[in-house]
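Heads up, my_file_30.cif below (mmCIF, C-alpha atoms):
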data_coords
#
loop_
_atom_site.label_atom_id
_atom_site.label_comp_id
_atom_site.auth_asym_id
_atom_site.auth_seq_id
_atom_site.Cartn_x
_atom_site.Cartn_y
_atom_site.Cartn_z
CA MET A 1 57.53 73.66 -105.70
CA GLU A 2 55.02 74.07 -102.89
CA MET A 3 55.79 72.45 -99.56
CA LEU A 4 53.21 70.08 -98.17
CA LYS A 5 51.77 71.45 -94.97
CA ILE A 6 51.06 68.78 -92.42
CA LYS A 7 48.59 69.53 -89.69
CA PRO A 8 49.17 67.95 -86.31
CA CYS A 9 46.58 65.50 -85.07
CA ALA A 10 43.82 66.99 -82.99
CA PRO A 11 44.23 66.42 -79.26
CA ALA A 12 42.70 63.06 -78.38
CA GLY A 13 43.64 62.61 -74.72
CA THR A 14 40.83 62.22 -72.21
CA THR A 15 42.69 61.89 -68.92
CA THR A 16 44.79 64.14 -66.70
CA ASP A 17 47.75 63.34 -64.49
CA GLN A 18 45.27 63.05 -61.64
CA THR A 19 42.80 60.71 -63.40
CA ARG A 20 44.93 58.54 -65.68
CA HIS A 21 45.66 55.73 -63.19
CA GLU A 22 42.06 55.22 -62.08
CA ALA A 23 40.77 55.60 -65.66
CA GLY A 24 43.31 53.07 -66.91
CA LEU A 25 42.54 50.65 -64.11
CA ALA A 26 38.83 50.86 -65.01
CA VAL A 27 39.64 50.03 -68.65
CA GLN A 28 41.81 47.07 -67.63
CA ARG A 29 39.06 45.73 -65.37
CA ALA A 30 36.46 46.09 -68.12
CA ILE A 31 38.59 44.31 -70.72
CA PHE A 32 40.33 41.61 -68.68
CA GLY A 33 37.90 41.22 -65.79
CA ALA A 34 38.08 42.99 -62.44
CA GLU A 35 38.97 39.78 -60.59
CA ASN A 36 41.94 39.11 -62.90
CA ILE A 37 43.32 42.63 -62.66
CA ASP A 38 42.79 42.87 -58.91
CA LYS A 39 44.48 39.48 -58.42
CA MET A 40 47.41 40.52 -60.62
CA ASN A 41 47.87 43.74 -58.64
CA ALA A 42 47.46 42.08 -55.25
CA SER A 43 49.95 39.31 -56.05
CA ALA A 44 52.68 41.59 -57.40
CA PRO A 45 55.76 41.75 -55.14
CA ALA A 46 56.10 45.11 -53.36
CA ASP A 47 59.16 46.09 -55.37
CA GLN A 48 57.29 45.51 -58.65
CA LYS A 49 53.92 47.14 -57.94
CA HIS A 50 55.06 50.34 -59.65
CA ILE A 51 55.24 48.44 -62.97
CA ASN A 52 51.55 47.51 -62.69
CA ASP A 53 50.74 51.12 -61.77
CA TYR A 54 52.65 52.37 -64.83
CA LEU A 55 50.82 49.86 -67.01
CA SER A 56 47.44 51.03 -65.72
CA ALA A 57 48.23 54.75 -65.91
CA ASN A 58 50.24 54.89 -69.12
CA CYS A 59 49.15 52.06 -71.37
CA PHE A 60 45.50 51.97 -70.41
CA GLY A 61 44.95 55.46 -68.97
CA ASP A 62 46.92 57.48 -71.50
CA TYR A 63 46.45 55.35 -74.62
CA TYR A 64 43.35 53.19 -74.30
CA LYS A 65 41.29 56.15 -73.11
CA ARG A 66 42.24 58.31 -76.11
CA LYS A 67 39.59 59.26 -78.63
CA VAL A 68 39.75 58.23 -82.32
CA LEU A 69 39.90 54.40 -82.05
CA ASP A 70 37.31 52.35 -80.22
CA VAL A 71 38.31 49.58 -77.82
CA LYS A 72 37.77 46.82 -80.43
CA GLU A 73 40.12 48.51 -82.90
CA ARG A 74 42.65 49.29 -80.20
CA GLU A 75 42.66 45.69 -78.91
CA LEU A 76 43.11 44.24 -82.40
CA ILE A 77 46.07 46.56 -83.03
CA THR A 78 47.54 45.74 -79.61
CA PHE A 79 47.28 41.99 -80.21
CA THR A 80 48.93 42.33 -83.62
CA ALA A 81 51.72 44.56 -82.30
CA ILE A 82 52.48 42.15 -79.47
CA VAL A 83 52.61 39.18 -81.85
CA THR A 84 55.01 41.06 -84.15
CA LEU A 85 57.46 41.46 -81.27
CA GLY A 86 57.84 37.71 -80.80
CA GLY A 87 58.56 36.11 -77.45
CA CYS A 88 55.52 37.74 -75.83
CA GLU A 89 53.12 34.81 -75.98
CA PRO A 90 51.68 35.25 -72.46
CA GLN A 91 50.72 38.82 -73.36
CA ALA A 92 49.50 37.73 -76.81
CA LYS A 93 47.20 35.14 -75.17
CA ALA A 94 45.90 37.76 -72.73
CA HIS A 95 45.16 40.14 -75.59
CA ALA A 96 43.61 37.37 -77.70
CA ALA A 97 41.21 36.82 -74.80
CA ALA A 98 40.72 40.57 -74.44
CA ASN A 99 39.80 40.77 -78.12
CA ILE A 100 37.11 38.14 -77.64
CA SER A 101 35.85 39.93 -74.53
CA VAL A 102 35.46 43.27 -76.35
CA GLY A 103 33.61 41.73 -79.31
CA ASN A 104 36.27 40.85 -81.85
CA SER A 105 35.99 37.34 -83.24
CA ARG A 106 38.40 34.51 -83.82
CA GLN A 107 38.15 35.40 -87.51
CA ASP A 108 39.17 39.01 -86.77
CA LEU A 109 42.31 37.70 -85.03
CA LEU A 110 43.06 35.31 -87.90
CA ASP A 111 42.61 38.15 -90.40
CA ALA A 112 45.04 40.34 -88.44
CA LEU A 113 47.62 37.53 -88.39
CA THR A 114 47.14 36.93 -92.11
CA ILE A 115 47.76 40.60 -92.88
CA ALA A 116 50.86 40.63 -90.66
CA LEU A 117 52.30 37.38 -92.06
CA PRO A 118 54.42 38.81 -94.90
CA TYR A 119 55.94 41.37 -92.54
CA ILE A 120 56.58 39.20 -89.47
CA GLY A 121 57.19 35.77 -91.00
CA TYR A 122 55.81 32.34 -90.32
CA PRO A 123 57.33 31.65 -86.87
CA ARG A 124 55.75 34.72 -85.25
CA THR A 125 52.51 34.21 -87.16
CA LEU A 126 52.33 30.58 -86.02
CA ASN A 127 53.07 31.63 -82.42
CA GLY A 128 50.22 34.15 -82.67
CA LEU A 129 47.95 31.48 -84.12
CA SER A 130 48.82 29.19 -81.22
CA CYS A 131 47.75 31.96 -78.82
CA VAL A 132 44.46 32.43 -80.66
CA ASN A 133 43.83 28.66 -80.68
CA ALA A 134 44.47 28.48 -76.92
CA ILE A 135 41.81 31.13 -76.31
CA ALA A 136 39.31 30.57 -79.13
CA PRO A 137 39.79 27.09 -80.61
CA SER A 138 38.59 26.29 -84.11
CA LYS A 139 35.19 24.62 -84.17
#

Transcribe the structure of this file into structure tokens.
Amino acid sequence: MEMLKIKPCAPAGTTTDQTRHEAGLAVQRAIFGAENIDKMNASAPADQKHINDYLSANCFGDYYKRKVLDVKERELITFTAIVTLGGCEPQAKAHAAANISVGNSRQDLLDALTIALPYIGYPRTLNGLSCVNAIAPSK
């Protein structure tokens, strides 16, 4: 029997230790609005600012700046992952709004929730739907 040989993924990173924070901050500002991100960072208590810096550098600098997925795909996956966690509705609302801002539609968000439903159950799906409705109400 021949063993399956698995090739590692090609390197997809685009930032360095020196550029990841600024690159991530730029992505956050583009997706959520510069005013919102700057206000969030300015209002953070001094002993918590490092959390915002980690978020910018790691989440947005290391991951959002990677090649392979575009920002629309990445945002839709992020929204869905956050909804599956449950109890993260403020972040789910922020990422529902981010999805709209990067060009995904209300229908894209509803489709993602529909696909997730059998895996995450009705309560989390309905919470996610509530977040979508708060950002992009049905017409």

note = The distance between atom CA of Cys9 of chain A and atom CA of Phe60 of chain A is 20.0 Å

request  = Just give me the residues with any atom within 7 Å of (51.5, 36.1, -87.2), file coordinates, counting all atoms listed in the file, written as a PyMOL selection string.
outcome  = chain A and resi 83-84+113-114+116-117+120-122+124-129

task = Could you tell me how far atom CA of Ser130 of chain A lies from atom CA of Pro90 of chain A, in Å and to one decimal?
result = 11.0 Å

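Shortest atom-to-atom contact with His21 of chain A among A:Ala34, A:Ala92, A:Met3, A:Cys59: A:Cys59, counting only C-alpha atoms.
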
Enclose the full set of atoms of segment 93-103 of chain A listed in the file within a box whose edges lie along x, y and z, apply 5 Å of padding to each of the six sides, and report centre and edge lengths in Å to one decimal as AutoDock Vina command-line options.
--center_x 40.4 --center_y 39.2 --center_z -76.0 --size_x 23.6 --size_y 18.1 --size_z 16.6

Selected residue, from A:Arg74, A:Ala12, A:Val27, A:Asn41, that lies nearest to Asp53 of chain A when counting only C-alpha atoms =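 The answer is A:Asn41, which sits nearest to Asp53 of chain A.
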
inquiry  = With 12 Å as the threshold, what does the neighbourhood of (37.9, 29.3, -77.1) contain in terms of residues, counting all atoms listed in the file? Coordinates are those of the file; answer as a list in words.
reply    = Lys93, Ala96, Ala97, Ala98, Asn99, Ile100, Ser101, Ser105, Arg106, Ser130, Cys131, Val132, Asn133, Ala134, Ile135, Ala136, Pro137, Ser138 and Lys139 of chain A

query = Evaluating the PyMOL selection byres ((chain A and resi 65) around 12) on the displayed file yields which residues, as an MDAnalysis selection string?
reply = chainID A and resid 12:16 19:28 56:64 66:71 74

Expected file contents, prior selection, C-alpha atoms, as an mmCIF file, in the coordinates of the input:
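Done, and the output landed in selection_34.cif:
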data_model
loop_
_atom_site.group_PDB
_atom_site.id
_atom_site.type_symbol
_atom_site.label_atom_id
_atom_site.label_comp_id
_atom_site.auth_asym_id
_atom_site.auth_seq_id
_atom_site.Cartn_x
_atom_site.Cartn_y
_atom_site.Cartn_z
ATOM 1 C CA ALA A 12 42.700 63.060 -78.380
ATOM 2 C CA GLY A 13 43.640 62.610 -74.720
ATOM 3 C CA THR A 14 40.830 62.220 -72.210
ATOM 4 C CA THR A 15 42.690 61.890 -68.920
ATOM 5 C CA THR A 16 44.790 64.140 -66.700
ATOM 6 C CA THR A 19 42.800 60.710 -63.400
ATOM 7 C CA ARG A 20 44.930 58.540 -65.680
ATOM 8 C CA HIS A 21 45.660 55.730 -63.190
ATOM 9 C CA GLU A 22 42.060 55.220 -62.080
ATOM 10 C CA ALA A 23 40.770 55.600 -65.660
ATOM 11 C CA GLY A 24 43.310 53.070 -66.910
ATOM 12 C CA LEU A 25 42.540 50.650 -64.110
ATOM 13 C CA ALA A 26 38.830 50.860 -65.010
ATOM 14 C CA VAL A 27 39.640 50.030 -68.650
ATOM 15 C CA GLN A 28 41.810 47.070 -67.630
ATOM 16 C CA SER A 56 47.440 51.030 -65.720
ATOM 17 C CA ALA A 57 48.230 54.750 -65.910
ATOM 18 C CA ASN A 58 50.240 54.890 -69.120
ATOM 19 C CA CYS A 59 49.150 52.060 -71.370
ATOM 20 C CA PHE A 60 45.500 51.970 -70.410
ATOM 21 C CA GLY A 61 44.950 55.460 -68.970
ATOM 22 C CA ASP A 62 46.920 57.480 -71.500
ATOM 23 C CA TYR A 63 46.450 55.350 -74.620
ATOM 24 C CA TYR A 64 43.350 53.190 -74.300
ATOM 25 C CA ARG A 66 42.240 58.310 -76.110
ATOM 26 C CA LYS A 67 39.590 59.260 -78.630
ATOM 27 C CA VAL A 68 39.750 58.230 -82.320
ATOM 28 C CA LEU A 69 39.900 54.400 -82.050
ATOM 29 C CA ASP A 70 37.310 52.350 -80.220
ATOM 30 C CA VAL A 71 38.310 49.580 -77.820
ATOM 31 C CA ARG A 74 42.650 49.290 -80.200
#

ask   = Could you state the separation of atom CA of Pro123 of chain A and atom CA of Glu89 of chain A in Å, given to one decimal place?
value =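 A separation of 12.1 Å between them.
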
task = Point out the residue among A:Leu109, A:Ala44, A:Val102, A:Leu55 with the least atom-to-atom distance to Phe79 of chain A, counting only C-alpha atoms.
result =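 Selected residue with least distance to Phe79 of chain A: A:Leu109.
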